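Engineer: Below is the file target_31.tsv, which contains TSV, C-alpha atoms.
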```tsv
chain	number	residue	atom	x	y	z
W	436	MET	CA	57.17	-65.43	-68.00
W	437	GLU	CA	60.04	-67.40	-69.52
W	438	ILE	CA	59.08	-66.36	-73.03
W	439	LEU	CA	59.77	-62.69	-72.24
W	440	ASN	CA	63.35	-63.40	-71.20
W	441	TYR	CA	64.39	-63.68	-74.83
W	442	ALA	CA	64.87	-60.54	-76.91
W	443	PHE	CA	63.75	-62.21	-80.14
W	444	MET	CA	60.46	-63.26	-78.54
W	445	GLN	CA	59.90	-59.73	-77.21
W	446	ARG	CA	60.32	-58.45	-80.76
W	447	ALA	CA	58.10	-61.19	-82.15
W	448	LEU	CA	55.29	-60.50	-79.65
W	449	LEU	CA	55.41	-56.77	-80.32
W	450	ALA	CA	55.23	-57.42	-84.05
W	451	ALA	CA	52.38	-59.89	-83.49
W	452	VAL	CA	50.32	-57.31	-81.57
W	453	LEU	CA	50.82	-54.71	-84.29
W	454	VAL	CA	49.84	-57.22	-86.97
W	455	GLY	CA	46.76	-58.24	-84.99
W	456	ILE	CA	45.64	-54.61	-84.92
W	457	THR	CA	46.47	-53.52	-88.45
W	458	ALA	CA	45.36	-56.53	-90.51
W	459	PRO	CA	41.67	-56.55	-89.43
W	460	ALA	CA	41.62	-52.73	-89.38
W	461	VAL	CA	42.29	-52.71	-93.11
W	462	GLY	CA	40.49	-55.96	-93.82
W	463	ILE	CA	37.11	-54.59	-92.75
W	464	TYR	CA	37.19	-52.11	-95.65
W	465	LEU	CA	38.32	-54.76	-98.12
W	466	VAL	CA	35.47	-57.05	-97.05
W	467	GLN	CA	32.97	-54.22	-97.49
W	468	ARG	CA	34.41	-53.54	-100.98
W	469	ARG	CA	34.23	-57.27	-101.88
W	470	GLN	CA	38.00	-57.33	-102.34
W	471	ALA	CA	38.77	-59.96	-99.74
W	472	LEU	CA	41.59	-61.49	-101.80
W	473	MET	CA	43.35	-58.19	-102.50
W	474	GLY	CA	45.82	-58.87	-99.70
W	475	ASP	CA	46.77	-62.17	-101.29
W	476	GLY	CA	47.53	-60.45	-104.60
W	477	ILE	CA	49.61	-57.76	-102.91
W	478	GLY	CA	51.50	-60.48	-101.06
W	479	HIS	CA	52.55	-61.98	-104.39
W	480	VAL	CA	53.78	-58.59	-105.59
W	481	ALA	CA	55.64	-57.97	-102.31
W	482	MET	CA	57.79	-61.03	-103.01
W	483	THR	CA	59.54	-59.05	-105.75
W	484	GLY	CA	60.31	-56.35	-103.20
W	485	VAL	CA	61.80	-58.89	-100.80
W	486	GLY	CA	63.98	-60.30	-103.57
W	487	LEU	CA	65.11	-56.83	-104.64
W	488	GLY	CA	65.97	-56.02	-101.04
W	489	PHE	CA	68.38	-58.95	-100.88
W	490	LEU	CA	69.76	-58.21	-104.36
W	491	LEU	CA	70.41	-54.52	-103.62
W	492	THR	CA	71.47	-55.20	-100.00
W	493	TRP	CA	68.72	-52.93	-98.72
W	494	SER	CA	66.07	-53.60	-96.07
W	495	PRO	CA	63.66	-56.23	-97.50
W	496	VAL	CA	60.81	-54.77	-95.41
W	497	TRP	CA	61.16	-51.26	-96.82
W	498	MET	CA	61.78	-52.51	-100.35
W	499	ALA	CA	58.73	-54.78	-100.10
W	500	THR	CA	56.71	-51.78	-98.88
W	501	LEU	CA	57.77	-49.70	-101.89
W	502	VAL	CA	57.04	-52.45	-104.42
W	503	SER	CA	53.74	-53.37	-102.72
W	504	VAL	CA	52.53	-49.77	-102.81
W	505	LEU	CA	53.39	-49.49	-106.51
W	506	GLY	CA	51.64	-52.80	-107.14
W	507	ALA	CA	48.53	-51.72	-105.21
W	508	VAL	CA	48.32	-48.46	-107.17
W	509	LEU	CA	48.68	-50.42	-110.41
W	510	MET	CA	45.90	-52.79	-109.28
W	511	GLU	CA	43.58	-49.84	-108.70
W	512	LEU	CA	44.41	-48.37	-112.12
W	513	ILE	CA	43.66	-51.72	-113.73
W	514	ARG	CA	40.36	-51.85	-111.84
W	515	TRP	CA	39.42	-48.39	-113.15
W	516	TYR	CA	40.52	-48.71	-116.76
W	517	GLY	CA	40.94	-52.43	-117.50
W	518	ARG	CA	37.29	-53.15	-118.12
W	519	THR	CA	37.70	-56.05	-120.51
W	520	ARG	CA	41.14	-57.53	-119.89
W	521	GLY	CA	41.63	-56.46	-116.30
W	522	ASP	CA	41.56	-59.98	-114.86
W	523	ILE	CA	44.35	-61.11	-117.19
W	524	ALA	CA	46.48	-58.08	-116.32
W	525	LEU	CA	46.01	-58.73	-112.60
W	526	ALA	CA	46.94	-62.40	-113.03
W	527	MET	CA	50.15	-61.44	-114.81
W	528	LEU	CA	50.93	-58.90	-112.08
W	529	PHE	CA	50.46	-61.47	-109.31
W	530	TYR	CA	52.37	-64.30	-110.95
W	531	GLY	CA	55.08	-61.94	-112.18
W	532	GLY	CA	55.53	-60.66	-108.65
W	533	MET	CA	56.01	-64.18	-107.31
W	534	ALA	CA	58.40	-65.17	-110.10
W	535	GLY	CA	60.37	-61.94	-109.72
W	536	GLY	CA	60.83	-62.54	-106.01
W	537	VAL	CA	62.19	-66.04	-106.54
W	538	MET	CA	64.51	-64.88	-109.33
W	539	PHE	CA	65.94	-61.83	-107.52
W	540	ILE	CA	66.59	-63.62	-104.26
W	541	ASN	CA	68.48	-66.38	-106.06
W	542	LEU	CA	70.57	-63.80	-107.92
W	543	ALA	CA	71.45	-62.04	-104.66
W	544	PRO	CA	74.88	-62.96	-103.23
W	545	THR	CA	73.45	-63.43	-99.71
W	546	GLY	CA	70.02	-64.69	-100.72
W	547	SER	CA	68.61	-68.21	-100.78
W	548	ASN	CA	65.30	-70.00	-100.85
W	549	ALA	CA	65.58	-70.37	-97.08
W	550	ASN	CA	65.53	-66.56	-96.76
W	551	LEU	CA	62.46	-66.38	-98.96
W	552	THR	CA	60.62	-69.07	-96.96
W	553	SER	CA	60.79	-66.98	-93.78
W	554	TYR	CA	59.01	-64.15	-95.60
W	555	LEU	CA	56.47	-66.45	-97.24
W	556	PHE	CA	55.31	-68.20	-94.07
W	557	GLY	CA	56.65	-66.03	-91.24
W	558	SER	CA	59.51	-66.62	-88.80
W	559	LEU	CA	59.79	-65.59	-85.17
W	560	SER	CA	63.57	-65.89	-84.77
W	561	THR	CA	64.37	-63.64	-87.74
W	562	VAL	CA	62.47	-60.53	-86.60
W	563	SER	CA	65.31	-58.04	-86.10
W	564	GLU	CA	65.36	-54.67	-84.34
W	565	SER	CA	65.32	-52.89	-87.69
W	566	ASP	CA	62.27	-54.95	-88.68
W	567	VAL	CA	60.48	-53.92	-85.49
W	568	THR	CA	61.28	-50.26	-86.16
W	569	ALA	CA	59.90	-50.52	-89.67
W	570	ILE	CA	56.82	-52.43	-88.50
W	571	CYS	CA	56.07	-49.83	-85.80
W	572	ALA	CA	56.32	-46.95	-88.27
W	573	LEU	CA	54.18	-48.68	-90.88
W	574	ALA	CA	51.60	-49.81	-88.31
W	575	ALA	CA	51.25	-46.22	-87.05
W	576	PHE	CA	50.44	-45.13	-90.61
W	577	VAL	CA	47.84	-47.88	-91.00
W	578	VAL	CA	46.10	-47.06	-87.71
W	579	LEU	CA	46.12	-43.35	-88.49
W	580	VAL	CA	44.40	-43.93	-91.85
W	581	THR	CA	41.92	-46.64	-90.85
W	582	VAL	CA	40.77	-44.89	-87.67
W	583	GLY	CA	41.19	-41.24	-88.62
W	584	LEU	CA	39.37	-41.59	-91.97
W	585	ARG	CA	36.96	-44.35	-90.95
W	586	ARG	CA	33.80	-42.41	-91.91
W	587	GLN	CA	35.06	-41.52	-95.38
W	588	LEU	CA	36.52	-44.97	-96.07
W	589	PHE	CA	33.35	-46.67	-94.88
W	590	ALA	CA	31.18	-44.46	-97.10
W	591	VAL	CA	33.29	-45.25	-100.18
W	592	SER	CA	33.38	-48.96	-99.32
W	593	GLN	CA	29.60	-49.11	-99.00
W	594	ASP	CA	28.53	-47.13	-102.07
W	595	GLU	CA	30.98	-45.36	-104.34
W	596	GLU	CA	28.29	-43.53	-106.31
W	597	PHE	CA	26.64	-42.12	-103.21
W	598	ALA	CA	30.04	-41.12	-101.80
W	599	ARG	CA	30.85	-39.34	-105.07
W	600	VAL	CA	27.55	-37.45	-104.99
W	601	THR	CA	28.26	-36.27	-101.44
W	602	GLY	CA	31.55	-34.76	-102.62
W	603	LEU	CA	34.04	-37.29	-101.31
W	604	PRO	CA	37.23	-37.82	-103.39
W	605	VAL	CA	36.36	-41.42	-104.22
W	606	ARG	CA	39.38	-42.24	-106.36
W	607	ALA	CA	41.81	-40.75	-103.89
W	608	LEU	CA	40.21	-42.71	-101.04
W	609	ASN	CA	40.28	-45.92	-103.11
W	610	LEU	CA	43.97	-45.39	-103.77
W	611	LEU	CA	44.58	-44.71	-100.09
W	612	THR	CA	42.80	-47.94	-99.16
W	613	ALA	CA	44.93	-49.90	-101.63
W	614	VAL	CA	48.14	-48.29	-100.36
W	615	THR	CA	47.15	-48.99	-96.74
W	616	ALA	CA	46.46	-52.62	-97.61
W	617	ALA	CA	49.90	-52.85	-99.23
W	618	VAL	CA	51.56	-51.41	-96.13
W	619	THR	CA	49.64	-53.86	-93.95
W	620	VAL	CA	50.92	-56.80	-95.98
W	621	THR	CA	54.52	-55.77	-95.36
W	622	VAL	CA	53.77	-55.20	-91.66
W	623	ALA	CA	52.45	-58.76	-91.35
W	624	MET	CA	54.90	-60.67	-93.52
W	625	ARG	CA	57.52	-61.22	-90.79
W	626	VAL	CA	54.93	-62.80	-88.45
W	627	VAL	CA	52.28	-64.43	-90.65
W	628	GLY	CA	54.03	-64.59	-94.02
W	629	LEU	CA	53.11	-63.15	-97.40
W	630	LEU	CA	51.09	-66.17	-98.48
W	631	LEU	CA	48.91	-66.23	-95.35
W	632	VAL	CA	48.46	-62.54	-94.53
W	633	SER	CA	45.21	-62.26	-96.48
W	634	ALA	CA	43.53	-64.69	-94.07
W	635	LEU	CA	44.35	-62.46	-91.11
W	636	MET	CA	42.89	-59.47	-92.95
W	637	VAL	CA	39.60	-61.19	-93.78
W	638	VAL	CA	38.74	-64.02	-91.38
W	639	PRO	CA	38.66	-61.93	-88.13
W	640	VAL	CA	36.26	-59.53	-89.84
W	641	ALA	CA	34.05	-62.40	-91.00
W	642	ALA	CA	34.11	-63.83	-87.47
W	643	ALA	CA	33.19	-60.46	-85.93
W	644	GLN	CA	30.26	-60.12	-88.33
W	645	GLN	CA	28.73	-63.23	-86.78
W	646	LEU	CA	28.17	-61.27	-83.57
W	647	SER	CA	27.53	-57.73	-84.77
W	648	ARG	CA	26.29	-55.88	-87.84
W	649	SER	CA	27.32	-52.38	-86.81
W	650	PHE	CA	30.57	-51.09	-88.23
W	651	ALA	CA	32.05	-49.84	-84.96
W	652	ALA	CA	31.35	-53.07	-83.06
W	653	THR	CA	32.57	-55.24	-85.93
W	654	PHE	CA	35.78	-53.19	-86.12
W	655	ALA	CA	36.44	-53.53	-82.39
W	656	ILE	CA	35.65	-57.25	-82.26
W	657	ALA	CA	37.76	-58.00	-85.35
W	658	VAL	CA	40.78	-56.20	-83.88
W	659	ALA	CA	40.30	-58.04	-80.57
W	660	ILE	CA	40.23	-61.36	-82.42
W	661	GLY	CA	43.28	-60.37	-84.46
W	662	VAL	CA	45.35	-59.48	-81.41
W	663	SER	CA	44.24	-62.63	-79.54
W	664	VAL	CA	45.10	-65.06	-82.33
W	665	THR	CA	48.43	-63.43	-83.21
W	666	ILE	CA	49.60	-63.50	-79.59
W	667	GLY	CA	48.20	-67.01	-79.10
W	668	GLY	CA	49.82	-68.25	-82.31
W	669	THR	CA	53.17	-66.68	-81.47
W	670	VAL	CA	53.23	-68.20	-77.98
W	671	THR	CA	52.11	-71.59	-79.30
W	672	SER	CA	54.79	-71.47	-81.98
W	673	TYR	CA	57.46	-70.87	-79.34
W	674	TYR	CA	56.43	-73.69	-77.01
W	675	GLN	CA	55.39	-76.26	-79.60
W	676	ASP	CA	57.99	-75.44	-82.29
W	677	VAL	CA	55.39	-75.07	-85.05
W	678	PRO	CA	55.23	-72.49	-87.89
W	679	PRO	CA	53.86	-69.18	-86.55
W	680	GLY	CA	51.98	-68.15	-89.68
W	681	ALA	CA	50.12	-71.43	-90.05
W	682	THR	CA	49.34	-71.53	-86.33
W	683	ILE	CA	47.91	-68.00	-86.34
W	684	VAL	CA	45.73	-68.66	-89.39
W	685	LEU	CA	44.40	-71.94	-87.97
W	686	LEU	CA	43.55	-70.20	-84.69
W	687	THR	CA	41.76	-67.49	-86.67
W	688	ILE	CA	39.69	-70.06	-88.55
W	689	GLY	CA	38.95	-71.78	-85.24
W	690	ALA	CA	37.68	-68.49	-83.82
W	691	PHE	CA	35.44	-68.04	-86.87
W	692	ILE	CA	33.94	-71.52	-86.46
W	693	ALA	CA	33.37	-71.02	-82.72
W	694	LEU	CA	31.69	-67.62	-83.17
W	695	THR	CA	29.56	-68.95	-86.02
W	696	ALA	CA	28.34	-71.80	-83.79
W	697	LEU	CA	27.65	-69.28	-80.99
W	698	ALA	CA	25.84	-66.81	-83.23
W	699	ALA	CA	23.04	-69.18	-84.30
W	700	PRO	CA	21.55	-69.82	-80.81
W	701	LEU	CA	21.98	-66.15	-79.92
W	702	ALA	CA	20.00	-65.14	-83.01
W	703	ARG	CA	17.23	-67.62	-82.15
W	704	ARG	CA	17.11	-66.32	-78.57
W	705	ARG	CA	16.77	-62.73	-79.78
W	706	ALA	CA	14.01	-63.77	-82.17
W	707	ARG	CA	12.09	-65.54	-79.38
W	708	ALA	CA	12.50	-62.55	-77.08
W	709	LEU	CA	11.18	-60.22	-79.79
W	710	ALA	CA	8.23	-62.48	-80.48
W	711	ALA	CA	7.40	-62.76	-76.76
W	712	ALA	CA	7.40	-58.98	-76.44
W	713	GLN	CA	4.52	-58.69	-78.93
W	714	PRO	CA	0.85	-58.92	-77.78
W	715	GLY	CA	-0.34	-62.51	-77.99
W	716	GLY	CA	3.05	-63.58	-79.36
W	717	ASP	CA	2.26	-62.09	-82.78
W	718	PRO	CA	5.15	-60.78	-84.88
W	719	ALA	CA	5.56	-57.02	-84.88
W	720	GLU	CA	4.24	-56.63	-88.41
W	721	CYS	CA	1.13	-58.68	-87.58
W	722	ALA	CA	0.24	-57.05	-84.26
W	723	ILE	CA	-3.06	-55.08	-84.21
W	724	PRO	CA	-2.68	-51.53	-82.87
W	725	ALA	CA	-4.61	-50.75	-79.70
W	726	SER	CA	-6.59	-47.98	-81.41
W	727	ARG	CA	-7.77	-50.44	-84.06
W	728	LYS	CA	-8.87	-52.94	-81.40
W	729	ALA	CA	-10.85	-50.23	-79.62
W	730	THR	CA	-12.59	-49.21	-82.85
W	731	ASP	CA	-13.46	-52.81	-83.61
W	732	GLY	CA	-14.94	-53.20	-80.14
W	733	VAL	CA	-17.21	-50.18	-80.61
W	734	GLY	CA	-18.42	-51.49	-83.93
W	735	VAL	CA	-19.55	-54.72	-82.34
```
What do you get writing this file as structure tokens?

Structural biologist:
Amino acid sequence: MEILNYAFMQRALLAAVLVGITAPAVGIYLVQRRQALMGDGIGHVAMTGVGLGFLLTWSPVWMATLVSVLGAVLMELIRWYGRTRGDIALAMLFYGGMAGGVMFINLAPTGSNANLTSYLFGSLSTVSESDVTAICALAAFVVLVTVGLRRQLFAVSQDEEFARVTGLPVRALNLLTAVTAAVTVTVAMRVVGLLLVSALMVVPVAAAQQLSRSFAATFAIAVAIGVSVTIGGTVTSYYQDVPPGATIVLLTIGAFIALTALAAPLARRRARALAAAQPGGDPAECAIPASRKATDGVGV
């Protein structure tokens, strides 16, 4: 393929695959915890890290990772202790992160708004070898946590009180989930962009839930959707010269709409098959047991 002849596209496709795996892998826990927009908030905080990276002439990816992790931990602390004014504190954290990013990158000698735009909305041509190295290392951490601790994370995401009673370290697992989400945001920002990464963490999971209710199947389908749309969006961006982040998100939403339309007739077909399997077409809860019918016959 022509697209593979270019080194920058090889790097972009590798990054896209890793993003397609990691974003839904973390997103499934955020959806279960009803924190679907957490990735969006972390993305705002990560902007400060990108700006600091340019200002201090250090890797923006690693600096964004550090700042995002600190921001995610602070978000969890606010969730635990900020009972009354927590929403205001979170708002200030998010908006302060965005403002800090814009300020730092403009103060940097080599920074400009053009540099910031590539991190906000993604850019294929700017994915460097050092970015790929960082993305691979961070993606390995995300996969290790989300797959290796899937039972514990799922239990905490479903019911914190029950998980606490069973002896699980709920607060530690909540912090780990927040940190993993922060790492995922920095993994995805070079491909999707900080402002759009939350969609890739949530929408593939919502699309997978249209076809399956089991955790394992939903996880697998969501990752498959994530990889498909990130590769498809990256290739489309190359050939059509359109923004990669926006293309990937629109493809993800398209997949959600298609699977939602497919799920309705499948559900009706399963319901008809279940009804046909019952004696006389009665629903399962209305069917008369054979022993009861025999007793009634004797009585007559």

Engineer: What would the list of residues within 12 Å of (42.0, -42.8, -100.6) (file frame) look like as a PyMOL selection string, if only C-alpha atoms are what count?

Structural biologist: chain W and resi 464+507-508+511+580-581+584-592+595+603-616

Engineer: Restricting it to C-alpha atoms, dump the selection as a CSV table (one decimal), keeping the file's coordinate frame.

Structural biologist:
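What ended up in again35.csv:
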```csv
chain,number,residue,atom,x,y,z
W,464,TYR,CA,37.2,-52.1,-95.6
W,507,ALA,CA,48.5,-51.7,-105.2
W,508,VAL,CA,48.3,-48.5,-107.2
W,511,GLU,CA,43.6,-49.8,-108.7
W,580,VAL,CA,44.4,-43.9,-91.8
W,581,THR,CA,41.9,-46.6,-90.8
W,584,LEU,CA,39.4,-41.6,-92.0
W,585,ARG,CA,37.0,-44.4,-91.0
W,586,ARG,CA,33.8,-42.4,-91.9
W,587,GLN,CA,35.1,-41.5,-95.4
W,588,LEU,CA,36.5,-45.0,-96.1
W,589,PHE,CA,33.4,-46.7,-94.9
W,590,ALA,CA,31.2,-44.5,-97.1
W,591,VAL,CA,33.3,-45.2,-100.2
W,592,SER,CA,33.4,-49.0,-99.3
W,595,GLU,CA,31.0,-45.4,-104.3
W,603,LEU,CA,34.0,-37.3,-101.3
W,604,PRO,CA,37.2,-37.8,-103.4
W,605,VAL,CA,36.4,-41.4,-104.2
W,606,ARG,CA,39.4,-42.2,-106.4
W,607,ALA,CA,41.8,-40.8,-103.9
W,608,LEU,CA,40.2,-42.7,-101.0
W,609,ASN,CA,40.3,-45.9,-103.1
W,610,LEU,CA,44.0,-45.4,-103.8
W,611,LEU,CA,44.6,-44.7,-100.1
W,612,THR,CA,42.8,-47.9,-99.2
W,613,ALA,CA,44.9,-49.9,-101.6
W,614,VAL,CA,48.1,-48.3,-100.4
W,615,THR,CA,47.2,-49.0,-96.7
W,616,ALA,CA,46.5,-52.6,-97.6
```

Engineer: For region 636-649 of chain W, find every residue with an atom within 6 Å (counting all atoms listed in the file), except residues of its own chain fewer than 4 positions away, and show them as a list in words.

Structural biologist: Ala458, Pro459, Gly462, Ile463, Thr653, Ile656, Ala657, Ile660, Phe691, Thr695 and Ala698 of chain W

Engineer: Can you pull out every residue within 7 Å of Val622 (chain W), counting all atoms listed in the file, but drop anything in the same chain fewer than 6 positions away, and send it as a compact mmCIF listing (two decimals) with C-alpha atoms, in the frame of the given file?

Structural biologist:
```txt
# COMPACT_ATOMS: atom_id res chain seq x y z
CA VAL W 454 49.84 -57.22 -86.97
CA ILE W 570 56.82 -52.43 -88.50
CA LEU W 573 54.18 -48.68 -90.88
CA ALA W 574 51.60 -49.81 -88.31
```

Engineer: Any idea what's packed within 8 Å of Val662 (chain W), counting all atoms listed in the file, ignoring anything in its chain fewer than 5 positions away? Could you give it as a list in words?

Structural biologist: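 Once the nearby chain positions are removed, what remains is Ala451, Val452, Leu453, Val454, Gly455 and Ile456 of chain W.
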
Engineer: Would you mind listing what lies within 8 Å of Val578 (chain W) as a PyMOL selection string, with only C-alpha atoms counted and same-chain residues fewer than 4 positions away left out?

Structural biologist: chain W and resi 457+460+574+582-583

Engineer: Could you tell me how far CA of Phe576 (chain W) sits from CA of Thr500 (chain W), in Å to one decimal place?

Structural biologist: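 Separation of CA of Thr500 (chain W) and CA of Phe576 (chain W): 12.3 Å.
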
Engineer: So, with only C-alpha atoms as the atoms that count, which of W:Val658, W:Leu685, W:Leu542, W:Leu631 lies closest to Gly488 (chain W)?

Structural biologist: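 For Gly488 (chain W), the nearest of the given residues is W:Leu542.
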
Engineer: I'd like the contact shell of Pro495 (chain W) - 10 Å cut-off, only C-alpha atoms, skipping same-chain residues fewer than 2 positions apart - returned as a list of chain:residue names.

Structural biologist: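 Listing them by chain and then by number gives W:Ala481, W:Met482, W:Thr483, W:Gly484, W:Val485, W:Gly486, W:Leu487, W:Gly488, W:Phe489, W:Leu490, W:Leu491, W:Thr492, W:Trp493, W:Trp497, W:Met498, W:Ala499, W:Thr500, W:Leu501, W:Tyr554, W:Asp566, W:Thr621.
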
Engineer: Could those residues be written to a file, using C-alpha atoms, as an mmCIF file, keeping the file's coordinate frame?

Structural biologist:
```cif
data_model
loop_
_atom_site.group_PDB
_atom_site.id
_atom_site.type_symbol
_atom_site.label_atom_id
_atom_site.label_comp_id
_atom_site.auth_asym_id
_atom_site.auth_seq_id
_atom_site.Cartn_x
_atom_site.Cartn_y
_atom_site.Cartn_z
ATOM 1 C CA ALA W 481 55.640 -57.970 -102.310
ATOM 2 C CA MET W 482 57.790 -61.030 -103.010
ATOM 3 C CA THR W 483 59.540 -59.050 -105.750
ATOM 4 C CA GLY W 484 60.310 -56.350 -103.200
ATOM 5 C CA VAL W 485 61.800 -58.890 -100.800
ATOM 6 C CA GLY W 486 63.980 -60.300 -103.570
ATOM 7 C CA LEU W 487 65.110 -56.830 -104.640
ATOM 8 C CA GLY W 488 65.970 -56.020 -101.040
ATOM 9 C CA PHE W 489 68.380 -58.950 -100.880
ATOM 10 C CA LEU W 490 69.760 -58.210 -104.360
ATOM 11 C CA LEU W 491 70.410 -54.520 -103.620
ATOM 12 C CA THR W 492 71.470 -55.200 -100.000
ATOM 13 C CA TRP W 493 68.720 -52.930 -98.720
ATOM 14 C CA TRP W 497 61.160 -51.260 -96.820
ATOM 15 C CA MET W 498 61.780 -52.510 -100.350
ATOM 16 C CA ALA W 499 58.730 -54.780 -100.100
ATOM 17 C CA THR W 500 56.710 -51.780 -98.880
ATOM 18 C CA LEU W 501 57.770 -49.700 -101.890
ATOM 19 C CA TYR W 554 59.010 -64.150 -95.600
ATOM 20 C CA ASP W 566 62.270 -54.950 -88.680
ATOM 21 C CA THR W 621 54.520 -55.770 -95.360
#
```

Engineer: Quick one: residues within 10 Å of (63.3, -58.7, -90.2) (file frame), counting only C-alpha atoms, please, as a compact mmCIF listing (two decimals) with C-alpha atoms, in the frame of the given file.

Structural biologist:
```txt
# COMPACT_ATOMS: atom_id res chain seq x y z
CA ARG W 446 60.32 -58.45 -80.76
CA ALA W 447 58.10 -61.19 -82.15
CA SER W 494 66.07 -53.60 -96.07
CA PRO W 495 63.66 -56.23 -97.50
CA VAL W 496 60.81 -54.77 -95.41
CA SER W 553 60.79 -66.98 -93.78
CA TYR W 554 59.01 -64.15 -95.60
CA GLY W 557 56.65 -66.03 -91.24
CA SER W 558 59.51 -66.62 -88.80
CA LEU W 559 59.79 -65.59 -85.17
CA SER W 560 63.57 -65.89 -84.77
CA THR W 561 64.37 -63.64 -87.74
CA VAL W 562 62.47 -60.53 -86.60
CA SER W 563 65.31 -58.04 -86.10
CA GLU W 564 65.36 -54.67 -84.34
CA SER W 565 65.32 -52.89 -87.69
CA ASP W 566 62.27 -54.95 -88.68
CA VAL W 567 60.48 -53.92 -85.49
CA THR W 568 61.28 -50.26 -86.16
CA ALA W 569 59.90 -50.52 -89.67
CA ILE W 570 56.82 -52.43 -88.50
CA MET W 624 54.90 -60.67 -93.52
CA ARG W 625 57.52 -61.22 -90.79
CA VAL W 626 54.93 -62.80 -88.45
```

Engineer: Measuring between only C-alpha atoms, which one of W:Ala712, W:Met444, W:Ile523, W:Ala693 shows the shortest distance to Ser672 (chain W)?

Structural biologist: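 Checking each candidate against Ser672 (chain W), we get W:Met444 as the closest.
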
Engineer: If you take all atoms listed in the file and a cut-off of 6 Å, which residues of region 542-655 of chain W touch region 678-684 of chain W, and what are their nearest atom pairs and distances in Å to one decimal, in chain and number order, as a tab-separated table?

Structural biologist:
```
residue	atom	partner	partner_atom	distance
W:Phe556	CA	W:Gly680	CA	5.5
W:Gly557	CA	W:Gly680	CA	5.4
W:Val627	CA	W:Gly680	CA	3.9
W:Gly628	CA	W:Gly680	CA	6.0
```

Engineer: Rounded to one decimal in Å, what is the spacing between CA of Leu525 (chain W) and CA of Gly476 (chain W)?

Structural biologist: 8.3 Å

Engineer: Calculate how many Å separate CA of Ile513 (chain W) from CA of Gln467 (chain W), rounding to one decimal.

Structural biologist: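 These two atoms are separated by 19.6 Å.
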
Engineer: Restricting the calculation to only C-alpha atoms: of W:Gln445, W:Gly506, W:Thr545, W:Trp515, which residue gets closest to Phe529 (chain W)?

Structural biologist: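 Nearest candidate to Phe529 (chain W) out of W:Gln445, W:Gly506, W:Thr545, W:Trp515: W:Gly506.
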
Engineer: Which of these residues is nearest to Gly667 (chain W), using all atoms listed in the file: W:Ala706, W:Ala524, W:Leu448, W:Val577?

Structural biologist: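 Looking only at the distances to Gly667 (chain W), the closest residue turns out to be W:Leu448.
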
Engineer: Could you check the closest approach to Val466 (chain W) for each of W:Gln675, W:Asn440, W:Thr552, W:Gln593 and tell me which residue wins, using all atoms listed in the file?

Structural biologist: W:Gln593

Engineer: With all atoms listed in the file as the basis for distance, which of W:Phe539, W:Tyr673, W:Tyr530, W:Phe654 is at the shortest distance from Gly478 (chain W)?

Structural biologist: W:Tyr530

Engineer: Put the listed atoms of region 615-630 of chain W in a box along x, y and z with 3 Å added on every side and give me the centre and edge lengths in Å to one decimal, as AutoDock Vina command-line options.

Structural biologist:
```
--center_x 52.0 --center_y -57.6 --center_z -93.8 --size_x 17.1 --size_y 23.2 --size_z 16.8
```
